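J.: Quick one, run-v3.txt (compact mmCIF, C-alpha atoms and all ligand atoms):
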# COMPACT_ATOMS: atom_id res chain seq x y z
CA MET A 1 -18.08 38.87 -26.29
CA THR A 2 -16.53 40.77 -29.16
CA PRO A 3 -18.44 43.17 -31.40
CA ARG A 4 -18.80 42.61 -35.10
CA ILE A 5 -15.56 43.57 -36.87
CA LEU A 6 -16.03 45.15 -40.30
CA ASP A 7 -13.21 45.61 -42.81
CA ALA A 8 -12.67 49.21 -43.95
CA GLU A 9 -11.13 47.93 -47.19
CA GLU A 10 -14.38 46.17 -48.15
CA PRO A 11 -16.89 48.54 -49.79
CA GLY A 12 -19.71 46.21 -48.71
CA ASP A 13 -18.63 46.49 -45.08
CA ILE A 14 -18.63 50.30 -45.27
CA LEU A 15 -22.19 50.26 -46.62
CA LEU A 16 -23.19 47.83 -43.89
CA ALA A 17 -21.70 50.16 -41.24
CA ALA A 18 -23.73 53.05 -42.68
CA ARG A 19 -26.91 50.97 -42.60
CA LEU A 20 -26.26 49.86 -39.02
CA LEU A 21 -25.84 53.51 -38.02
CA ILE A 22 -28.99 54.65 -39.80
CA ALA A 23 -30.86 51.84 -38.04
CA GLY A 24 -29.76 53.29 -34.68
CA GLY A 25 -26.61 51.21 -34.10
CA ILE A 26 -23.34 52.34 -32.56
CA VAL A 27 -20.29 51.78 -34.75
CA ALA A 28 -16.67 52.63 -33.91
CA VAL A 29 -14.96 54.14 -36.94
CA PRO A 30 -11.36 54.88 -37.87
CA THR A 31 -10.16 58.43 -38.42
CA GLU A 32 -6.65 59.78 -38.95
CA THR A 33 -6.59 60.98 -35.31
CA VAL A 34 -8.22 58.37 -33.05
CA TYR A 35 -11.14 55.93 -33.41
CA GLY A 36 -14.55 57.52 -32.95
CA LEU A 37 -17.64 56.06 -31.29
CA GLY A 38 -20.27 56.91 -33.86
CA ALA A 39 -24.02 57.36 -33.89
CA ASP A 40 -26.37 58.89 -36.45
CA ALA A 41 -26.65 62.53 -35.34
CA ALA A 42 -30.34 62.48 -36.30
CA ASN A 43 -31.10 59.69 -33.81
CA ASP A 44 -31.27 61.07 -30.26
CA ASP A 45 -31.58 57.64 -28.65
CA ALA A 46 -28.48 56.37 -30.44
CA VAL A 47 -26.54 59.51 -29.44
CA ARG A 48 -27.63 59.04 -25.82
CA ARG A 49 -26.31 55.49 -25.99
CA VAL A 50 -22.89 56.88 -26.93
CA PHE A 51 -22.86 58.94 -23.72
CA ASP A 52 -23.92 55.86 -21.73
CA ILE A 53 -21.25 53.64 -23.27
CA LYS A 54 -18.54 56.23 -22.61
CA GLU A 55 -19.93 57.03 -19.15
CA ARG A 56 -19.60 60.63 -20.22
CA PRO A 57 -21.68 63.47 -18.72
CA PRO A 58 -24.29 64.82 -21.19
CA SER A 59 -22.80 68.30 -20.73
CA HIS A 60 -19.76 67.21 -22.78
CA PRO A 61 -20.97 67.58 -26.35
CA LEU A 62 -19.94 65.48 -29.36
CA ILE A 63 -18.18 66.39 -32.58
CA LEU A 64 -20.35 66.17 -35.69
CA HIS A 65 -18.40 64.37 -38.43
CA VAL A 66 -19.51 65.17 -41.96
CA ALA A 67 -18.49 64.29 -45.53
CA GLY A 68 -17.61 67.82 -46.67
CA PRO A 69 -17.81 71.56 -46.03
CA GLU A 70 -21.35 71.79 -47.48
CA SER A 71 -22.71 69.56 -44.72
CA ALA A 72 -20.70 71.49 -42.11
CA CYS A 73 -22.19 74.69 -43.44
CA ALA A 74 -25.71 73.21 -43.18
CA ALA A 75 -25.06 72.36 -39.53
CA SER A 76 -24.08 75.95 -38.83
CA GLY A 77 -26.33 78.93 -38.35
CA ASP A 78 -23.43 81.28 -39.11
CA TRP A 79 -20.61 79.81 -41.19
CA THR A 80 -17.94 82.50 -40.90
CA PRO A 81 -15.18 83.45 -43.38
CA MET A 82 -12.59 82.07 -40.90
CA ALA A 83 -14.40 78.73 -40.80
CA GLU A 84 -14.46 78.67 -44.59
CA ILE A 85 -10.73 79.49 -44.86
CA LEU A 86 -9.67 76.81 -42.41
CA ALA A 87 -12.08 74.21 -43.81
CA ARG A 88 -10.81 74.82 -47.33
CA ARG A 89 -7.18 74.47 -46.25
CA PHE A 90 -7.30 71.64 -43.70
CA TRP A 91 -10.25 69.39 -44.58
CA PRO A 92 -10.34 66.50 -44.77
CA GLY A 93 -7.98 66.54 -41.80
CA PRO A 94 -7.42 66.76 -38.05
CA LEU A 95 -9.19 70.09 -37.56
CA SER A 96 -12.51 70.63 -35.76
CA ILE A 97 -14.37 73.90 -36.08
CA LEU A 98 -16.60 75.33 -33.34
CA ILE A 99 -19.36 77.46 -34.82
CA GLU A 100 -22.91 78.64 -34.11
CA ARG A 101 -25.23 75.74 -34.77
CA SER A 102 -28.31 75.52 -36.98
CA GLY A 103 -31.58 73.68 -36.38
CA VAL A 104 -30.34 70.51 -38.08
CA VAL A 105 -28.22 69.60 -35.04
CA SER A 106 -29.95 68.09 -32.04
CA ASP A 107 -29.60 69.26 -28.42
CA VAL A 108 -28.37 65.82 -27.47
CA VAL A 109 -25.33 66.17 -29.75
CA THR A 110 -24.45 69.68 -28.56
CA GLY A 111 -25.39 69.34 -24.89
CA SER A 112 -27.99 72.09 -25.52
CA ARG A 113 -25.29 74.61 -26.41
CA SER A 114 -25.78 77.22 -29.09
CA THR A 115 -22.68 75.92 -30.87
CA VAL A 116 -21.61 72.78 -32.69
CA VAL A 117 -18.15 71.38 -33.40
CA VAL A 118 -17.80 69.99 -36.94
CA ARG A 119 -15.06 68.09 -38.69
CA VAL A 120 -14.32 66.23 -41.94
CA PRO A 121 -11.99 63.36 -40.99
CA ASN A 122 -9.27 62.19 -43.33
CA HIS A 123 -9.81 58.46 -43.61
CA PRO A 124 -11.00 57.05 -46.96
CA ALA A 125 -13.38 54.47 -45.48
CA THR A 126 -14.94 56.87 -43.01
CA LEU A 127 -15.33 59.52 -45.71
CA GLU A 128 -17.15 56.94 -47.83
CA LEU A 129 -19.29 56.02 -44.81
CA LEU A 130 -20.15 59.68 -44.25
CA ARG A 131 -21.08 60.15 -47.92
CA GLU A 132 -23.35 57.10 -47.70
CA MET A 133 -24.99 58.42 -44.52
CA HIS A 134 -25.52 61.75 -46.27
CA ARG A 135 -27.19 59.93 -49.21
CA LEU A 136 -29.44 58.22 -46.66
CA GLY A 137 -30.48 61.62 -45.27
CA SER A 138 -28.34 61.83 -42.11
CA PRO A 139 -26.89 65.19 -41.00
CA GLY A 140 -23.68 63.36 -40.00
CA LEU A 141 -21.99 61.11 -37.50
CA ALA A 142 -21.88 62.28 -33.87
CA ALA A 143 -18.74 60.75 -32.41
CA PRO A 144 -16.43 61.24 -29.44
CA SER A 145 -13.25 59.21 -29.10
CA ALA A 146 -14.11 55.53 -28.62
CA ASN A 147 -12.84 55.16 -25.04
CA LYS A 148 -14.33 55.47 -21.56
CA PHE A 149 -14.54 59.08 -20.35
CA GLY A 150 -11.13 60.32 -19.16
CA ALA A 151 -9.18 57.25 -20.36
CA VAL A 152 -6.55 56.84 -23.09
CA SER A 153 -7.96 57.23 -26.62
CA PRO A 154 -7.92 54.25 -29.01
CA THR A 155 -5.77 54.31 -32.14
CA THR A 156 -6.48 50.76 -33.36
CA ALA A 157 -9.62 48.64 -33.68
CA ARG A 158 -8.06 46.30 -31.09
CA HIS A 159 -7.94 49.15 -28.54
CA VAL A 160 -11.66 49.78 -29.07
CA VAL A 161 -12.50 46.12 -28.56
CA ASP A 162 -10.28 45.96 -25.46
CA ASP A 163 -12.00 49.03 -23.96
CA LEU A 164 -15.62 48.68 -25.00
CA GLY A 165 -16.10 45.05 -26.06
CA ASP A 166 -19.64 44.36 -27.24
CA LEU A 167 -21.01 47.62 -25.86
CA VAL A 168 -20.61 48.69 -29.50
CA ASP A 169 -22.53 47.01 -32.30
CA ALA A 170 -19.58 46.98 -34.71
CA VAL A 171 -16.06 48.26 -35.23
CA LEU A 172 -14.94 49.31 -38.69
CA ASP A 173 -11.29 48.28 -38.72
CA GLY A 174 -9.34 50.81 -40.77
CA GLY A 175 -5.87 50.06 -39.38
CA PRO A 176 -3.82 52.20 -36.99
CA CYS A 177 -4.51 55.94 -36.93
CA SER A 178 -1.85 57.93 -38.79
CA VAL A 179 -1.83 61.13 -36.69
CA GLY A 180 -2.50 59.55 -33.31
CA VAL A 181 -3.72 62.55 -31.28
CA GLU A 182 -7.15 64.17 -31.50
CA SER A 183 -8.05 67.00 -33.82
CA THR A 184 -7.25 70.63 -33.10
CA ILE A 185 -10.44 72.45 -32.07
CA VAL A 186 -10.71 76.07 -33.22
CA ASP A 187 -13.44 78.48 -32.20
CA CYS A 188 -14.21 80.28 -35.47
CA ARG A 189 -17.11 82.38 -34.26
CA ARG A 190 -15.46 85.70 -33.55
CA SER A 191 -13.31 88.09 -35.52
CA SER A 192 -10.23 86.37 -34.16
CA ALA A 193 -10.09 82.59 -33.91
CA THR A 194 -9.04 80.77 -30.73
CA ILE A 195 -7.60 77.30 -30.30
CA LEU A 196 -9.63 75.39 -27.69
CA ARG A 197 -7.65 72.15 -27.92
CA GLU A 198 -4.20 71.58 -29.39
CA GLY A 199 -4.24 68.69 -31.84
CA GLY A 200 -3.32 67.23 -35.20
CA VAL A 201 -3.09 70.55 -37.07
CA PRO A 202 -0.30 72.62 -35.49
CA ARG A 203 -1.12 76.08 -34.16
CA GLU A 204 1.58 77.57 -36.42
CA ASP A 205 -0.17 76.24 -39.55
CA ILE A 206 -3.56 77.61 -38.47
CA SER A 207 -2.05 80.96 -37.62
CA ALA A 208 -0.24 81.14 -40.99
CA GLU A 209 -3.35 80.26 -42.99
CA LEU A 210 -5.52 82.80 -41.18
CA GLY A 211 -2.76 85.40 -41.44
CA ALA A 212 -2.54 84.89 -45.22
CA HIS A 213 -6.20 85.94 -45.38
CA GLY A 214 -5.93 88.92 -43.04
CA PHE A 215 -7.27 87.20 -39.91
CA THR A 216 -5.50 86.56 -36.63
CA LEU A 217 -5.36 83.66 -34.24
CA SER A 218 -5.73 85.03 -30.74
CA GLY A 219 -3.84 83.76 -27.69
CA SER A 220 -4.72 80.30 -26.53
CA SER A 221 -7.32 79.30 -24.02
CA SER A 222 -4.14 78.25 -22.21
CA PRO A 223 -2.84 74.87 -23.31
CA THR A 224 -0.13 74.98 -20.63
CA ALA A 225 -2.55 75.48 -17.77
CA PRO A 226 -5.62 73.46 -18.67
CA SER A 227 -8.90 74.46 -17.14
CA THR A 228 -10.55 72.88 -14.13
CA ASP A 229 -13.73 74.78 -14.84
CA THR A 230 -16.40 72.35 -16.03
CA SER A 231 -18.21 75.13 -17.85
CA ALA A 232 -15.15 75.82 -20.04
CA ILE A 233 -16.04 76.40 -23.67
CA ALA A 234 -14.68 72.99 -24.67
CA PRO A 235 -15.41 70.90 -21.58
CA GLY A 236 -12.98 68.16 -22.59
CA MET A 237 -10.18 70.50 -21.62
CA LEU A 238 -10.39 69.31 -18.03
CA VAL A 239 -7.07 68.89 -16.31
CA SER A 240 -7.15 65.14 -15.85
CA HIS A 241 -7.82 63.32 -19.10
CA TYR A 242 -6.24 60.80 -21.46
CA ALA A 243 -5.00 58.95 -18.40
CA PRO A 244 -3.64 55.39 -18.21
CA ARG A 245 -3.88 53.31 -15.01
CA ALA A 246 -0.29 54.00 -13.97
CA ARG A 247 0.71 57.41 -12.66
CA VAL A 248 2.40 59.48 -15.37
CA GLU A 249 5.34 61.76 -14.58
CA VAL A 250 6.54 64.19 -17.23
CA PHE A 251 10.00 65.72 -17.72
CA GLU A 252 11.43 68.56 -19.78
CA ASP A 253 14.93 67.24 -19.36
CA GLU A 254 16.17 63.73 -20.12
CA GLN A 255 18.73 63.78 -17.28
CA ASP A 256 15.98 64.46 -14.75
CA LEU A 257 14.03 61.53 -16.16
CA GLU A 258 17.12 59.29 -15.83
CA ARG A 259 17.60 60.35 -12.21
CA ARG A 260 13.98 59.63 -11.41
CA SER A 261 14.19 56.23 -13.09
CA LEU A 262 17.25 55.37 -11.01
CA GLU A 263 15.49 56.47 -7.83
CA LEU A 264 12.42 54.33 -8.62
CA THR A 265 14.66 51.36 -9.41
CA THR A 266 16.44 51.79 -6.06
CA ARG A 267 13.12 51.89 -4.27
CA GLY A 268 11.88 48.86 -6.18
CA VAL A 269 8.99 50.70 -7.82
CA PRO A 270 7.98 49.06 -11.11
CA HIS A 271 8.03 51.75 -13.76
CA SER A 272 8.42 52.14 -17.47
CA ARG A 273 9.69 54.83 -19.80
CA LEU A 274 7.53 56.05 -22.61
CA PRO A 275 9.45 55.79 -25.90
CA HIS A 276 10.16 59.33 -27.16
CA PRO A 277 11.18 59.31 -30.84
CA ASP A 278 12.89 62.51 -32.05
CA ASP A 279 10.42 62.60 -34.92
CA VAL A 280 7.44 64.24 -33.24
CA ALA A 281 4.99 62.85 -35.83
CA LEU A 282 6.08 59.37 -34.78
CA TYR A 283 5.86 60.32 -31.09
CA SER A 284 2.29 61.48 -31.73
CA ARG A 285 1.30 58.46 -33.84
CA ASN A 286 2.48 55.98 -31.19
CA LEU A 287 1.63 58.00 -28.08
CA TYR A 288 -1.57 56.27 -26.98
CA ALA A 289 -0.46 52.77 -28.02
CA SER A 290 2.76 53.32 -26.04
CA LEU A 291 0.87 54.51 -22.94
CA ARG A 292 -1.29 51.41 -23.19
CA SER A 293 1.66 49.07 -23.52
CA CYS A 294 3.47 50.74 -20.60
CA ASP A 295 0.30 50.14 -18.59
CA SER A 296 0.18 46.50 -19.61
CA THR A 297 3.63 45.87 -18.08
CA GLY A 298 2.08 46.47 -14.66
CA ALA A 299 4.19 49.59 -14.15
CA GLN A 300 3.09 51.84 -11.30
CA VAL A 301 4.75 54.87 -12.86
CA ILE A 302 5.27 55.89 -16.48
CA LEU A 303 8.11 58.36 -17.13
CA ALA A 304 7.66 60.56 -20.19
CA LEU A 305 9.95 63.10 -21.82
CA LEU A 306 8.00 66.08 -23.19
CA PRO A 307 8.76 66.95 -26.83
CA ILE A 308 9.56 70.55 -27.77
CA PRO A 309 6.39 72.66 -27.95
CA HIS A 310 6.38 73.18 -31.71
CA GLY A 311 4.17 71.66 -34.39
CA LEU A 312 2.61 68.41 -33.24
CA GLY A 313 4.80 68.61 -30.13
CA ALA A 314 2.30 71.00 -28.54
CA ALA A 315 -0.51 68.43 -28.74
CA VAL A 316 1.70 65.61 -27.44
CA ARG A 317 2.75 67.80 -24.49
CA ASP A 318 -0.87 68.71 -23.78
CA ARG A 319 -1.97 65.05 -23.70
CA LEU A 320 0.97 63.97 -21.54
CA ARG A 321 0.38 66.77 -19.05
CA LYS A 322 -3.28 65.89 -18.77
CA ALA A 323 -2.38 62.23 -18.36
CA ALA A 324 -0.01 63.29 -15.57
CA ALA A 325 -2.51 65.48 -13.73
CA ALA A 326 -3.46 64.13 -10.33
CA ARG A 327 -6.71 62.21 -10.24
O1 LIG A 401 -9.90 63.83 -33.39
C1 LIG A 401 -10.95 64.00 -32.79
O2 LIG A 401 -11.42 65.13 -32.57
C2 LIG A 401 -11.69 62.73 -32.32
C3 LIG A 401 -12.13 61.94 -33.55
C4 LIG A 401 -12.99 60.74 -33.21
O3 LIG A 401 -12.78 62.79 -34.45
N1 LIG A 401 -12.82 63.08 -31.51
C5 LIG A 401 -12.71 63.54 -30.25
O4 LIG A 401 -13.92 63.71 -29.61
O5 LIG A 401 -11.64 63.77 -29.72
P1 LIG A 401 -14.04 63.95 -28.06
O6 LIG A 401 -15.50 63.92 -27.79
O7 LIG A 401 -13.21 63.00 -27.32
O8 LIG A 401 -13.52 65.41 -27.87
C6 LIG A 401 -14.26 66.50 -28.42
C7 LIG A 401 -14.16 67.70 -27.53
C8 LIG A 401 -14.74 67.48 -26.16
O9 LIG A 401 -13.88 68.10 -25.24
C9 LIG A 401 -16.08 68.19 -26.23
O10 LIG A 401 -16.50 68.61 -24.96
C10 LIG A 401 -15.75 69.33 -27.15
O11 LIG A 401 -14.92 68.75 -28.13
N2 LIG A 401 -16.95 69.85 -27.82
C11 LIG A 401 -17.74 69.22 -28.71
N3 LIG A 401 -18.78 70.00 -29.09
C12 LIG A 401 -18.66 71.15 -28.42
C13 LIG A 401 -19.40 72.37 -28.34
N4 LIG A 401 -20.51 72.57 -29.06
N5 LIG A 401 -18.96 73.34 -27.52
C14 LIG A 401 -17.85 73.17 -26.79
N6 LIG A 401 -17.09 72.06 -26.81
C15 LIG A 401 -17.48 71.06 -27.60
MG MG A 402 -11.90 62.05 -26.05
Write the structure described by the file as structure tokens, please.
T.:
Amino acid sequence: MTPRILDAEEPGDILLAARLLIAGGIVAVPTETVYGLGADAANDDAVRRVFDIKERPPSHPLILHVAGPESACAASGDWTPMAEILARRFWPGPLSILIERSGVVSDVVTGSRSTVVVRVPNHPATLELLREMHRLGSPGLAAPSANKFGAVSPTTARHVVDDLGDLVDAVLDGGPCSVGVESTIVDCRRSSATILREGGVPREDISAELGAHGFTLSGSSSPTAPSTDTSAIAPGMLVSHYAPRARVEVFEDEQDLERRSLELTTRGVPHSRLPHPDDVALYSRNLYASLRSCDSTGAQVILALLPIPHGLGAAVRDRLRKAAAAR
């Protein structure tokens, strides 16, 4: 069975998606990063269903998607100057802000933490959907990526249908995601901000914007050595994540990748090479779709060349390394 497919270019379909959500439905929505699995943040039962569908532990909280900074501010008990600076510069866009929460956000969304992660996504249809939900009195859309826990994130409506089928009530088809990796998560609570997850807004840009306002971005929570600690501030930073079926091997050097490919060929091991465009924005945009299509060839091993760790390259490296981590 396939879920109901709604067309993001049809205003009537966007309104219908909003009404389904307010009625307690689960709707997958497009964003510029990856598709989200959305529920009305005010409806605890609907939010619980999102965890069930994803098979995700309740201790891994969800991002609250809102229409604008005012709603983000309302969800926060302490909207800091750093949050305001980054929101003003990067929203709508692939930036998520971790902040102290207010009473409007439910424990189910935040996994009973004292914080909430908020974001204004940059997709016209989803922004319209969020505005409509706001008009209908919702605090926002609680949504993780629309894939099973630990698997490759979806960047097209087709991916969502392939992964979740009719476990979702509807999918709002807004075309392929333009950025292709998840949002950057920044902890904006303290006097110096920290990046908890590399993502669509490069570290350099966040650092520059904060610096221009007299704030600093402190050292990372270690994107090169992801945490195995399940109580980490952003629990999604577990080592093994974003993983396809095939084993992923990553390389800094193209010659090493070639040698490995030759060796696997000699041994008769079916493998495929992940395309690695020089343009890192393209690498990022196609990353998850490419991992999926490598998987669909029946390859046992996927060989991937890591991009240089600048700009979006840092997020692509992070996802590839997590995909490569032993399960
Ligand atoms: O681009 C994105 O961020 C996509 C789209 C759909 O917006 N969403 C996404 O959600 O990647 P998800 O659930 O796959 O990843 C969100 C991460 C998880 O690691 C979660 O544990 C963490 O954010 N997180 C959410 N709320 C948190 C909180 N209050 N404290 C700590 N970590 C939190
Ligand atoms: Mg995810």
J.: Skip Ala151 (chain A) itself and residues of its chain fewer than 3 positions away, then list as a VMD selection string all residues within 8 Å of it, counting only C-alpha atoms.
T.: chain A and resid 147 to 148 241 to 244
J.: Restricting it to C-alpha atoms, dump the selection as a PDB file, keeping the file's coordinate frame.
T.:
ATOM      1  CA  ASN A 147     -12.840  55.160 -25.040  1.00  0.00           C
ATOM      2  CA  LYS A 148     -14.330  55.470 -21.560  1.00  0.00           C
ATOM      3  CA  HIS A 241      -7.820  63.320 -19.100  1.00  0.00           C
ATOM      4  CA  TYR A 242      -6.240  60.800 -21.460  1.00  0.00           C
ATOM      5  CA  ALA A 243      -5.000  58.950 -18.400  1.00  0.00           C
ATOM      6  CA  PRO A 244      -3.640  55.390 -18.210  1.00  0.00           C
TER       7      PRO A 244
END
J.: Ranking A:Leu62, A:Ile14, A:Leu141, A:Val104 by minimum distance to Ala39 (chain A) and counting all atoms listed in the file, which one comes first?
T.: A:Leu141
J.: Can you tell me which residues come within 7 Å of ligand LIG 401 (chain A) when counting all atoms listed in the file, ideally as a ChimeraX atom specification?
T.: /A:31,33-37,60-63,94,96,98,110,113,115-117,121,143-145,181-184,233-237
J.: Measure the distance from CA of Gln300 (chain A) to CA of Leu264 (chain A) in Å and round it to one decimal.
T.: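 Between CA of Gln300 (chain A) and CA of Leu264 (chain A) the gap works out to 10.0 Å.
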J.: Ranking A:Ile85, A:Pro307, A:His271, A:Ala67 by minimum distance to Glu249 (chain A) and counting only C-alpha atoms, which one comes first?
T.: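 Distance minimum relative to Glu249 (chain A) lands on A:His271.
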J.: Pick out the residues sitting within 8 Å of Val27 (chain A), and hand them over as a list in words; count only C-alpha atoms, and ignore anything fewer than 4 positions along from it in its own chain.
T.: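 The neighbour list is Ala17, Leu20, Leu21, Leu37, Gly38, Ala39, Val168, Asp169, Ala170, Val171 and Leu172 of chain A.
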J.: Give me the residues within 12 Å of Asp253 (chain A) as a list in words, counting all atoms listed in the file and dropping any in the same chain fewer than 5 places off.
T.: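 Neighbouring residues, sequence-local ones excluded: Glu258, Arg259, Arg260, Leu303, Ala304, Leu305, Leu306, Pro307 and Ile308 of chain A.
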J.: Which residue out of A:Ser112, A:Glu10, A:Asp278, A:Cys188 has the minimum interatomic distance to Ala87 (chain A) when only C-alpha atoms are used?
T.: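 Distance minimum relative to Ala87 (chain A) lands on A:Cys188.
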J.: Quick one, how far is CA of Gly199 (chain A) from CA of Gly150 (chain A)?
T.: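 Calculated distance between CA of Gly199 (chain A) and CA of Gly150 (chain A) is 16.7 Å.
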